[in-house]
Structures are given as structure tokens and as C-alpha cells.
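J.: File model_6.txt below, compact mmCIF, C-alpha atoms and all ligand atoms:
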# COMPACT_ATOMS: atom_id res chain seq x y z
CA MET A 1 141.30 172.66 39.30
CA ASN A 2 140.02 169.37 40.77
CA ASN A 3 136.46 169.12 42.05
CA ALA A 4 135.48 167.21 45.19
CA ILE A 5 132.33 166.61 47.20
CA ILE A 6 132.39 165.88 50.92
CA ILE A 7 129.15 164.46 52.33
CA GLY A 8 129.13 165.42 56.02
CA ALA A 9 131.33 168.53 56.03
CA THR A 10 129.55 170.53 58.76
CA SER A 11 131.74 169.15 61.56
CA GLY A 12 134.41 166.66 62.57
CA ILE A 13 136.57 164.80 60.08
CA GLY A 14 134.60 165.97 57.02
CA ARG A 15 134.99 169.67 57.88
CA GLU A 16 138.76 169.36 58.49
CA LEU A 17 139.23 167.44 55.25
CA ALA A 18 137.23 170.09 53.34
CA LEU A 19 139.64 172.76 54.59
CA ILE A 20 142.66 170.68 53.55
CA LEU A 21 141.27 169.97 50.07
CA ALA A 22 140.42 173.67 49.55
CA GLY A 23 144.01 174.53 50.50
CA ASN A 24 145.36 172.00 48.00
CA GLY A 25 143.78 173.04 44.73
CA TYR A 26 140.30 171.55 45.06
CA ARG A 27 136.93 173.22 44.66
CA VAL A 28 134.79 171.48 47.24
CA GLY A 29 131.05 170.82 47.36
CA ILE A 30 130.17 170.66 51.05
CA THR A 31 127.03 169.01 52.48
CA GLY A 32 125.30 168.31 55.77
CA ARG A 33 121.96 169.17 57.40
CA ARG A 34 123.19 172.26 59.32
CA ALA A 35 123.14 175.02 56.68
CA GLU A 36 124.60 177.60 59.10
CA LYS A 37 127.73 175.46 59.61
CA LEU A 38 128.17 175.18 55.84
CA LYS A 39 127.89 178.97 55.50
CA GLU A 40 130.53 179.45 58.22
CA LEU A 41 132.86 177.08 56.36
CA LYS A 42 132.28 178.82 53.03
CA GLU A 43 133.25 182.15 54.62
CA CYS A 44 136.76 180.73 55.31
CA ASN A 45 137.43 180.54 51.55
CA PRO A 46 134.37 181.65 49.50
CA GLU A 47 135.86 180.87 46.06
CA LYS A 48 136.59 177.28 46.98
CA PHE A 49 133.33 176.05 48.52
CA VAL A 50 129.90 175.31 47.05
CA ILE A 51 127.13 174.58 49.55
CA SER A 52 124.32 172.03 49.44
CA ALA A 53 122.41 171.52 52.70
CA PHE A 54 120.34 168.34 52.82
CA ASP A 55 119.51 165.32 54.95
CA CYS A 56 120.81 162.14 53.31
CA THR A 57 118.01 160.09 54.88
CA ARG A 58 115.18 162.32 53.62
CA GLU A 59 116.21 163.45 50.15
CA ARG A 60 117.00 161.66 46.91
CA ASN A 61 120.79 161.77 47.27
CA SER A 62 121.33 161.07 43.58
CA GLU A 63 119.42 164.22 42.60
CA LYS A 64 121.24 166.38 45.16
CA LEU A 65 124.63 165.02 44.05
CA ALA A 66 123.89 165.58 40.36
CA GLU A 67 122.88 169.21 41.09
CA LEU A 68 126.00 169.84 43.20
CA THR A 69 128.27 168.26 40.59
CA LYS A 70 126.74 170.53 37.95
CA ALA A 71 127.33 173.59 40.16
CA LEU A 72 130.99 172.54 40.62
CA GLY A 73 131.46 171.90 36.91
CA GLY A 74 132.51 168.23 37.32
CA LEU A 75 133.63 165.70 39.90
CA ASP A 76 136.98 163.97 40.53
CA LEU A 77 136.67 162.90 44.16
CA LEU A 78 133.71 162.05 46.41
CA VAL A 79 134.26 161.54 50.15
CA LEU A 80 131.39 160.09 52.18
CA SER A 81 132.04 161.10 55.78
CA ALA A 82 128.46 161.43 57.08
CA GLY A 83 127.69 158.70 59.57
CA THR A 84 125.80 158.12 62.78
CA GLY A 85 125.49 155.64 65.63
CA ASP A 86 124.32 155.50 69.21
CA ILE A 87 124.80 153.38 72.24
CA ASN A 88 121.68 151.19 72.39
CA GLU A 89 121.82 148.66 75.22
CA SER A 90 118.00 148.28 75.24
CA LEU A 91 117.89 147.55 71.49
CA ASP A 92 115.45 150.38 70.79
CA PHE A 93 114.48 149.82 67.15
CA ASP A 94 114.26 153.55 66.35
CA ILE A 95 117.94 153.99 67.26
CA GLU A 96 119.03 150.99 65.17
CA ASN A 97 116.83 152.10 62.27
CA ASN A 98 118.20 155.66 62.36
CA THR A 99 121.75 154.28 62.12
CA ASN A 100 120.87 151.91 59.28
CA GLN A 101 118.99 154.57 57.29
CA LEU A 102 122.15 156.69 57.05
CA ASN A 103 125.01 154.18 57.31
CA VAL A 104 123.44 151.52 55.09
CA VAL A 105 120.55 152.83 52.95
CA ALA A 106 121.80 156.38 52.16
CA PHE A 107 125.40 155.10 52.03
CA THR A 108 124.47 152.62 49.30
CA GLU A 109 122.61 155.22 47.22
CA ILE A 110 125.55 157.68 47.47
CA VAL A 111 128.44 155.31 46.73
CA ASP A 112 126.54 153.67 43.86
CA TRP A 113 125.75 157.06 42.34
CA ALA A 114 129.44 158.06 42.60
CA PHE A 115 130.62 154.75 41.12
CA ARG A 116 128.28 155.03 38.12
CA TYR A 117 129.33 158.67 37.59
CA PHE A 118 133.06 157.76 37.62
CA GLU A 119 132.48 154.74 35.39
CA LYS A 120 130.76 156.96 32.83
CA GLN A 121 133.54 159.55 32.89
CA ARG A 122 136.15 156.73 32.90
CA LYS A 123 137.99 158.02 35.99
CA GLY A 124 137.45 159.17 39.54
CA HIS A 125 138.08 158.48 43.22
CA LEU A 126 135.52 157.35 45.81
CA VAL A 127 136.41 157.51 49.51
CA GLY A 128 134.25 156.11 52.31
CA ILE A 129 134.92 156.76 55.99
CA SER A 130 133.98 153.45 57.63
CA SER A 131 135.48 152.53 61.02
CA ILE A 132 137.64 150.08 62.88
CA ALA A 133 134.27 149.22 64.51
CA GLY A 134 133.31 147.36 61.33
CA ILE A 135 135.74 144.55 62.09
CA ARG A 136 133.79 142.95 64.99
CA GLY A 137 130.31 143.02 66.51
CA ASN A 138 129.58 145.17 69.53
CA ARG A 139 127.11 144.51 72.35
CA ILE A 140 126.37 148.16 73.25
CA ALA A 141 125.99 149.63 69.76
CA PRO A 142 125.13 146.63 67.54
CA ALA A 143 123.80 148.57 64.54
CA TYR A 144 126.79 150.92 64.43
CA ASN A 145 129.35 148.10 64.17
CA ALA A 146 127.16 146.05 61.82
CA SER A 147 126.57 149.04 59.53
CA LYS A 148 130.30 149.79 59.45
CA ALA A 149 130.96 146.12 58.56
CA TYR A 150 128.51 146.58 55.67
CA GLN A 151 130.37 149.71 54.54
CA LEU A 152 133.84 148.20 54.51
CA ASN A 153 132.60 145.08 52.75
CA TYR A 154 130.63 147.14 50.19
CA LEU A 155 133.62 149.37 49.46
CA GLU A 156 135.75 146.26 48.92
CA GLY A 157 133.16 145.03 46.41
CA LEU A 158 133.22 148.33 44.54
CA ARG A 159 137.05 148.26 44.51
CA TYR A 160 137.04 144.88 42.73
CA LYS A 161 134.34 146.16 40.37
CA ALA A 162 136.52 149.21 39.60
CA ALA A 163 139.55 146.98 38.92
CA LYS A 164 137.50 144.99 36.38
CA THR A 165 136.74 148.16 34.39
CA GLY A 166 140.46 148.62 33.68
CA LYS A 167 139.92 152.37 34.13
CA PRO A 168 141.59 154.66 36.69
CA ILE A 169 138.72 154.46 39.18
CA PHE A 170 139.87 154.18 42.79
CA VAL A 171 137.96 153.18 45.93
CA THR A 172 139.50 153.98 49.31
CA ASP A 173 138.17 152.74 52.65
CA ILE A 174 139.27 154.88 55.61
CA ARG A 175 139.00 153.09 58.95
CA PRO A 176 139.44 155.49 61.88
CA GLY A 177 140.00 154.34 65.45
CA PHE A 178 139.02 157.13 67.87
CA VAL A 179 138.94 160.73 66.63
CA ASP A 180 138.07 163.68 68.87
CA THR A 181 134.62 164.56 67.41
CA ASP A 182 130.99 164.37 68.58
CA MET A 183 130.86 160.83 67.20
CA ALA A 184 133.44 159.43 69.63
CA LYS A 185 130.98 158.15 72.23
CA GLY A 186 131.29 155.83 75.20
CA GLU A 187 134.01 155.18 77.72
CA GLY A 188 137.41 153.53 77.55
CA LYS A 189 138.67 155.56 74.59
CA PHE A 190 142.39 155.47 73.85
CA TRP A 191 144.78 156.69 71.14
CA VAL A 192 142.28 159.49 70.41
CA ALA A 193 143.51 161.51 67.41
CA SER A 194 142.72 165.18 66.81
CA LYS A 195 140.43 165.95 63.86
CA GLU A 196 143.30 167.83 62.22
CA LYS A 197 145.69 164.86 62.44
CA ALA A 198 143.02 162.44 61.23
CA ALA A 199 142.14 164.63 58.23
CA LEU A 200 145.81 165.05 57.28
CA GLN A 201 146.35 161.29 57.32
CA ILE A 202 143.19 160.78 55.25
CA PHE A 203 144.48 163.32 52.71
CA GLY A 204 147.73 161.29 52.57
CA SER A 205 145.75 158.11 51.83
CA ILE A 206 143.78 159.93 49.11
CA LYS A 207 146.96 161.17 47.42
CA LYS A 208 148.41 157.63 47.49
CA ARG A 209 145.05 156.22 46.26
CA LYS A 210 145.28 153.61 49.00
CA ASP A 211 142.79 150.73 49.13
CA VAL A 212 142.49 150.92 52.92
CA GLY A 213 143.79 153.56 55.31
CA TYR A 214 143.85 153.26 59.11
CA VAL A 215 143.60 156.52 61.09
CA THR A 216 145.82 156.81 62.96
CA ARG A 217 148.16 154.28 61.39
CA ARG A 218 148.73 152.30 64.59
CA TRP A 219 145.07 151.17 64.43
CA ARG A 220 146.12 148.70 61.72
CA LEU A 221 147.60 146.63 64.56
CA VAL A 222 144.35 146.74 66.54
CA ALA A 223 142.48 145.71 63.39
CA MET A 224 144.71 142.66 62.97
CA VAL A 225 144.30 141.62 66.61
CA LEU A 226 140.52 142.17 66.53
CA LYS A 227 140.18 140.12 63.38
CA TRP A 228 141.91 137.08 64.76
CA LEU A 229 140.89 137.29 68.45
CA PRO A 230 138.91 134.13 69.36
CA GLY A 231 135.24 134.70 70.23
CA TRP A 232 135.63 133.23 73.74
CA ILE A 233 138.14 135.98 74.64
CA TYR A 234 136.18 138.75 72.85
CA LYS A 235 133.03 137.72 74.80
CA LYS A 236 134.77 138.50 78.10
CA MET A 237 135.80 142.02 77.08
N1 LIG B 301 135.05 160.16 65.61
C1 LIG B 301 135.39 158.90 65.69
O1 LIG B 301 135.97 158.45 66.71
C2 LIG B 301 135.12 157.97 64.53
C3 LIG B 301 135.68 156.70 64.57
C4 LIG B 301 135.46 155.83 63.51
C5 LIG B 301 134.70 156.23 62.43
N2 LIG B 301 134.15 157.49 62.41
C6 LIG B 301 133.34 157.85 61.24
O2 LIG B 301 133.77 159.08 60.71
C7 LIG B 301 132.69 159.69 60.01
C8 LIG B 301 132.64 161.17 60.38
O3 LIG B 301 132.28 161.30 61.75
P1 LIG B 301 132.90 162.43 62.70
O4 LIG B 301 133.70 161.72 63.74
O5 LIG B 301 133.55 163.48 61.89
O6 LIG B 301 131.56 162.94 63.43
P2 LIG B 301 130.68 164.26 63.30
O7 LIG B 301 131.48 165.46 63.65
O8 LIG B 301 129.45 163.97 64.09
O9 LIG B 301 130.34 164.34 61.73
C9 LIG B 301 129.26 163.65 61.16
C10 LIG B 301 128.86 164.37 59.90
O10 LIG B 301 127.79 163.64 59.31
C11 LIG B 301 126.74 164.52 58.98
N3 LIG B 301 125.44 163.86 59.07
C12 LIG B 301 124.96 163.14 60.11
N4 LIG B 301 123.71 162.72 59.85
C13 LIG B 301 123.42 163.18 58.59
C14 LIG B 301 122.27 163.08 57.76
N5 LIG B 301 121.17 162.41 58.14
N6 LIG B 301 122.29 163.69 56.55
C15 LIG B 301 123.39 164.38 56.16
N7 LIG B 301 124.52 164.49 56.88
C16 LIG B 301 124.52 163.91 58.10
C17 LIG B 301 126.85 165.63 60.03
O11 LIG B 301 126.24 166.82 59.55
P3 LIG B 301 124.84 167.41 60.07
O12 LIG B 301 124.68 167.03 61.51
O13 LIG B 301 124.98 168.88 59.85
O14 LIG B 301 123.84 166.79 59.17
C18 LIG B 301 128.35 165.79 60.15
O15 LIG B 301 128.83 166.67 59.16
C19 LIG B 301 131.44 158.90 60.41
O16 LIG B 301 131.06 158.05 59.34
C20 LIG B 301 131.88 158.08 61.59
O17 LIG B 301 131.15 156.87 61.72
C21 LIG B 301 134.35 158.37 63.43
Here is the file; what I need is its structure written in the form of C-alpha cells.
T.:
Amino acid sequence: MNNAIIIGATSGIGRELALILAGNGYRVGITGRRAEKLKELKECNPEKFVISAFDCTRERNSEKLAELTKALGGLDLLVLSAGTGDINESLDFDIENNTNQLNVVAFTEIVDWAFRYFEKQRKGHLVGISSIAGIRGNRIAPAYNASKAYQLNYLEGLRYKAAKTGKPIFVTDIRPGFVDTDMAKGEGKFWVASKEKAALQIFGSIKKRKDVGYVTRRWRLVAMVLKWLPGWIYKKM
């Protein structure tokens, strides 16, 4: 049986993906701060889930991940879904700092731990859930978009590093558009995918060991347009 860890499995995309992995031969280590949500999830399929409740911004993630991996009996796949971000028009530093502590600082500790673990065992698959938001800056949630830009760039770096090892180590960057979860904030949302559909498409990208997966797939087009849109037009939006 394959072993996976999902960081951020108490709700949203991470929870749906945990259910899919458990139904497809994985034993899954599930994490998040809300222990009661993890217990509820474990009750769906007690043999398949191992719980570890912790806050990625307050604990040493490397220690928590090593303990959870030991409890699972190994690790083949790590999915980092935990993320945060808030609208912050007044540029309140606490809001920006909160976003950066999880999306940048904890993210770096977690993906680096996973990479080193997979390098040592000479195989493995790391998946980060970044966002289409990482492609351009945003005036109402600057830290969210900037932290997602960091994530997609960092994952690209790790992918090239993995290729240099010559070992079967894969790094997948999942870039969702809008998904119907608590994270989908603000107005003017469109092409909003259900959590179930998003998680199924992410599972497809994992099976294909894709470098980059857009969720849903049509967001690839938006990504291309966003990337090349001149600043003078973007400024007016
Ligand atoms: N929904 C969208 O439209 C959308 C679009 C693009 C990208 N994304 C990305 O998708 C990922 C998953 O988000 P989602 O939409 O599924 O939202 P969600 O339902 O709010 O899930 C976020 C997960 O992160 C965990 N988390 C948050 N802060 C944490 C912390 N300090 N320590 C540990 N875990 C923490 C939450 O668990 P606890 O609260 O229990 O700790 C929860 O399980 C995020 O990285 C998000 O940026 C979402």
C-alpha cells in the first residue's frame, strides 16, 4: 500500500483529496489545526487514515512530519494543501504576516523536508497547491498573490533539482482557479469548481506525475492571458 500525507486535510480541497486517495489504495496521514474535523474524517474509513493535528506556523513541521511518516510506515506522496490569505486593502501588517508565515515560511520548511526525505529514499512525489493568483500581483490581497508566486517559483526550482538527481522524484504544482471552499473570497468569481471536481482533477495530475496542473483545466488559458497581459491594461482592471 502507498503512503501519503496531506497537510491541510480538515476541509476544502485537501479533505476531498484525502477521501479519493483513501479510496485508491493509499494510507493517508491527515493534518490541520482542527482535531475534531480530522476525527470526523478518520471515522469515514478508520483503517486508512492516521491523524496529526498541528498548526504549521507554531510547530516544527519537520518533527511533526517525521513522526507522522513513522506512524504510517513510510512516505510516497506529500501534498501541501494548507494555505491562507485575506483581503487587505489597508495593508494591515498582521494580515500580510499571517499569510507569509504559512504560505512562505511553513511552506518552505515542509517542501524542503519532503524533498530531502524523497532524495534519501531515492523516490517520491511532492505536490504543492499554489494558485492561479501566483501569476500576477493583486491590489486587494497583495501578500496572497505574492506568496503564491513564491510557491510556484519554489516548486519549479525543486523540480529542476529533482531532475538533476536522476532519480524518480516528481514535483507537481497544482494551480487552481476558483474552487468552492472557505478560501474562495471576494467578488467577481467565475468558473467556480466544486471541491469534488477539483480533487478528482488533482488526483489525475498526480497519477500522470504532471509538472503543472490547472484546476479546472480551462484556467490554463487564463494563466496564459494573465502572463502576457500588458501592465497598462491590468492596471485598469
Ligand atoms: N478555493 C480556492 O478558490 C482556491 C484557489 C486557488 C488556490 N487555492 C489553494 O488551495 C489550498 C487549499 O485551500 P482550500 O480552498 O481547500 O481552503 P480551505 O478549505 O480553507 O482549506 C485550507 C486548509 O489549510 C489548513 N490550514 C490553514 N491554516 C493552517 C495552519 N496555520 N496550520 C495548519 N493547517 C492550516 C486548514 O485547516 P485548519 O483550519 O483546520 O488548520 C484547511 O485544512 C490553499 O493553499 C489555497 O491557497 C484555493
J.: From the set A:Trp113, A:Phe118, A:Tyr234, A:Tyr144, which residue has the shortest atom-to-atom contact distance to Asn97 (chain A), counting only C-alpha atoms?
T.: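 Smallest distance to Asn97 (chain A) is found for A:Tyr144.
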J.: Counting only C-alpha atoms, which of A:Arg116, A:Lys37, A:Arg15, A:Lys208 gets nearest to Ser62 (chain A)?
T.: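 Using only C-alpha atoms, Ser62 (chain A) sits closest to A:Arg116.
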J.: Pick the closest to Ala82 (chain A) from A:Ile174, A:Met237, A:Val105, A:Ile129: which is it, counting all atoms listed in the file?
T.: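 Checking each of A:Ile174, A:Met237, A:Val105, A:Ile129 against Ala82 (chain A), counting all atoms listed in the file, the winner is A:Ile129.
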J.: Please determine, counting all atoms listed in the file, which residue among A:Asp76, A:Glu89, A:Pro142, A:Val222 has the shortest atom-to-atom distance to Phe170 (chain A).
T.: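 Using all atoms listed in the file, the shortest distance to Phe170 (chain A) belongs to A:Asp76.
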J.: For Arg33 (chain A), work out the shell of residues within 10 Å, counting only C-alpha atoms and skipping chain neighbours fewer than 3 positions away, then give it as a PDB file with C-alpha atoms, in the coordinates of the input.
T.:
ATOM      1  CA  ILE A   7     129.150 164.460  52.330  1.00  0.00           C
ATOM      2  CA  GLY A   8     129.130 165.420  56.020  1.00  0.00           C
ATOM      3  CA  ALA A   9     131.330 168.530  56.030  1.00  0.00           C
ATOM      4  CA  THR A  10     129.550 170.530  58.760  1.00  0.00           C
ATOM      5  CA  GLU A  36     124.600 177.600  59.100  1.00  0.00           C
ATOM      6  CA  LYS A  37     127.730 175.460  59.610  1.00  0.00           C
ATOM      7  CA  LEU A  38     128.170 175.180  55.840  1.00  0.00           C
ATOM      8  CA  SER A  52     124.320 172.030  49.440  1.00  0.00           C
ATOM      9  CA  ALA A  53     122.410 171.520  52.700  1.00  0.00           C
ATOM     10  CA  PHE A  54     120.340 168.340  52.820  1.00  0.00           C
ATOM     11  CA  ASP A  55     119.510 165.320  54.950  1.00  0.00           C
ATOM     12  CA  CYS A  56     120.810 162.140  53.310  1.00  0.00           C
TER      13      CYS A  56
END
J.: Find the distance between atom P1 of ligand LIG 301 (chain B) and CA of Asp86 (chain A) and write it in Å to one decimal.
T.: 12.8 Å
J.: Quick one: contact table of region 192-230 of chain A to region 77-81 of chain A, 12 Å max, nearest atom pair and distance in Å to one decimal per residue, counting only C-alpha atoms, chain and number order, as a Markdown table?
T.:
| residue | atom | partner | partner_atom | distance |
| --- | --- | --- | --- | --- |
| A:Ala199 | CA | A:Ser81 | CA | 11.0 |
| A:Ile202 | CA | A:Val79 | CA | 10.3 |
| A:Phe203 | CA | A:Val79 | CA | 10.7 |
| A:Ile206 | CA | A:Leu77 | CA | 9.2 |
| A:Lys207 | CA | A:Leu77 | CA | 10.9 |
| A:Arg209 | CA | A:Leu77 | CA | 10.9 |
J.: Write a file of the just-selected residues containing C-alpha atoms, as a short mmCIF file (atom, residue, chain, number, x, y, z; two decimals), keeping the file's coordinate frame.
T.:
data_model
loop_
_atom_site.label_atom_id
_atom_site.label_comp_id
_atom_site.auth_asym_id
_atom_site.auth_seq_id
_atom_site.Cartn_x
_atom_site.Cartn_y
_atom_site.Cartn_z
CA ALA A 199 142.14 164.63 58.23
CA ILE A 202 143.19 160.78 55.25
CA PHE A 203 144.48 163.32 52.71
CA ILE A 206 143.78 159.93 49.11
CA LYS A 207 146.96 161.17 47.42
CA ARG A 209 145.05 156.22 46.26
#
J.: Restrict the calculation to only C-alpha atoms, then for each residue of region 43-136 of chain A with any atom at most 12 Å from an atom of region 145-155 of chain A give the closest atom pair and their distance in Å to one decimal, rows by chain and rising residue number, as CSV.
T.:
residue,atom,partner,partner_atom,distance
A:Leu80,CA,A:Gln151,CA,10.7
A:Ser81,CA,A:Gln151,CA,11.6
A:Gly83,CA,A:Lys148,CA,9.3
A:Thr84,CA,A:Ser147,CA,9.7
A:Gly85,CA,A:Asn145,CA,8.6
A:Asp86,CA,A:Asn145,CA,10.3
A:Ile87,CA,A:Asn145,CA,10.7
A:Asn88,CA,A:Asn145,CA,11.7
A:Glu96,CA,A:Ser147,CA,9.6
A:Asn97,CA,A:Ser147,CA,10.6
A:Asn98,CA,A:Ser147,CA,11.0
A:Thr99,CA,A:Ser147,CA,7.6
A:Asn100,CA,A:Ser147,CA,6.4
A:Gln101,CA,A:Ser147,CA,9.6
A:Leu102,CA,A:Ser147,CA,9.2
A:Asn103,CA,A:Ser147,CA,5.8
A:Val104,CA,A:Ser147,CA,6.0
A:Val105,CA,A:Ser147,CA,9.7
A:Ala106,CA,A:Gln151,CA,11.1
A:Phe107,CA,A:Gln151,CA,7.7
A:Thr108,CA,A:Tyr154,CA,8.3
A:Glu109,CA,A:Tyr154,CA,11.8
A:Ile110,CA,A:Gln151,CA,11.7
A:Val111,CA,A:Leu155,CA,8.3
A:Asp112,CA,A:Tyr154,CA,10.0
A:Ala114,CA,A:Leu155,CA,11.8
A:Phe115,CA,A:Leu155,CA,10.4
A:His125,CA,A:Leu155,CA,11.9
A:Leu126,CA,A:Leu155,CA,9.0
A:Val127,CA,A:Leu155,CA,8.6
A:Gly128,CA,A:Leu155,CA,7.3
A:Ile129,CA,A:Gln151,CA,8.5
A:Ser130,CA,A:Lys148,CA,5.5
A:Ser131,CA,A:Lys148,CA,6.1
A:Ile132,CA,A:Lys148,CA,8.1
A:Ala133,CA,A:Asn145,CA,5.1
A:Gly134,CA,A:Ala149,CA,3.8
A:Ile135,CA,A:Ala149,CA,6.1
A:Arg136,CA,A:Asn145,CA,6.8
J.: Which one is closest to ligand LIG 301 (chain B): A:Lys42, A:Arg27, A:Lys167, A:Lys195? Count only C-alpha atoms and all ligand atoms.
T.: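 Between A:Lys42, A:Arg27, A:Lys167, A:Lys195, the residue approaching ligand LIG 301 (chain B) most closely is A:Lys195.
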J.: For region 223-234 of chain A, what centre and edge lengths in Å (one decimal) does the axis-aligned box get once 6 Å is added on each side of all its listed atoms, as AutoDock Vina command-line options?
T.:
--center_x 140.0 --center_y 139.5 --center_z 68.8 --size_x 21.5 --size_y 24.5 --size_z 23.7
J.: Could you tell me how far CA of Ala162 (chain A) sits from CA of Ser205 (chain A), in Å to one decimal place?
T.: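 The value is 17.7 Å.
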J.: Using Å and a single decimal, report how far CA of Trp228 (chain A) sits from CA of Val215 (chain A).
T.: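 One can read the CA of Val215 (chain A) to CA of Trp228 (chain A) distance as 19.9 Å.
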J.: Need to verify the contact set: Glu47 (chain A), 12 Å, only C-alpha atoms, exclusion of same-chain residues closer than 5 positions in sequence. Can you return it as a PDB file with C-alpha atoms, keeping the file's coordinate frame?
T.:
ATOM      1  CA  MET A   1     141.300 172.660  39.300  1.00  0.00           C
ATOM      2  CA  ALA A  22     140.420 173.670  49.550  1.00  0.00           C
ATOM      3  CA  GLY A  23     144.010 174.530  50.500  1.00  0.00           C
ATOM      4  CA  GLY A  25     143.780 173.040  44.730  1.00  0.00           C
ATOM      5  CA  TYR A  26     140.300 171.550  45.060  1.00  0.00           C
ATOM      6  CA  ARG A  27     136.930 173.220  44.660  1.00  0.00           C
ATOM      7  CA  VAL A  28     134.790 171.480  47.240  1.00  0.00           C
ATOM      8  CA  GLY A  29     131.050 170.820  47.360  1.00  0.00           C
ATOM      9  CA  LEU A  41     132.860 177.080  56.360  1.00  0.00           C
ATOM     10  CA  LYS A  42     132.280 178.820  53.030  1.00  0.00           C
ATOM     11  CA  LEU A  72     130.990 172.540  40.620  1.00  0.00           C
TER      12      LEU A  72
END
J.: Which residue, A:Lys197, A:Lys227, A:Lys210, A:Arg218, has the smallest gap to Thr172 (chain A) when you use only C-alpha atoms?
T.: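 Going through A:Lys197, A:Lys227, A:Lys210, A:Arg218 one by one, the smallest distance to Thr172 (chain A) is for A:Lys210.
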J.: Could you give me, as an mmCIF file with C-alpha atoms, in the frame of the given file, the residues within 12 Å of Trp191 (chain A), counting only C-alpha atoms and dropping anything in the same chain fewer than 2 positions from it?
T.:
data_model
loop_
_atom_site.group_PDB
_atom_site.id
_atom_site.type_symbol
_atom_site.label_atom_id
_atom_site.label_comp_id
_atom_site.auth_asym_id
_atom_site.auth_seq_id
_atom_site.Cartn_x
_atom_site.Cartn_y
_atom_site.Cartn_z
ATOM 1 C CA PRO A 176 139.440 155.490 61.880
ATOM 2 C CA GLY A 177 140.000 154.340 65.450
ATOM 3 C CA PHE A 178 139.020 157.130 67.870
ATOM 4 C CA VAL A 179 138.940 160.730 66.630
ATOM 5 C CA ASP A 180 138.070 163.680 68.870
ATOM 6 C CA ALA A 184 133.440 159.430 69.630
ATOM 7 C CA GLY A 188 137.410 153.530 77.550
ATOM 8 C CA LYS A 189 138.670 155.560 74.590
ATOM 9 C CA ALA A 193 143.510 161.510 67.410
ATOM 10 C CA SER A 194 142.720 165.180 66.810
ATOM 11 C CA LYS A 197 145.690 164.860 62.440
ATOM 12 C CA ALA A 198 143.020 162.440 61.230
ATOM 13 C CA VAL A 215 143.600 156.520 61.090
ATOM 14 C CA THR A 216 145.820 156.810 62.960
ATOM 15 C CA ARG A 217 148.160 154.280 61.390
ATOM 16 C CA ARG A 218 148.730 152.300 64.590
ATOM 17 C CA TRP A 219 145.070 151.170 64.430
ATOM 18 C CA VAL A 222 144.350 146.740 66.540
#
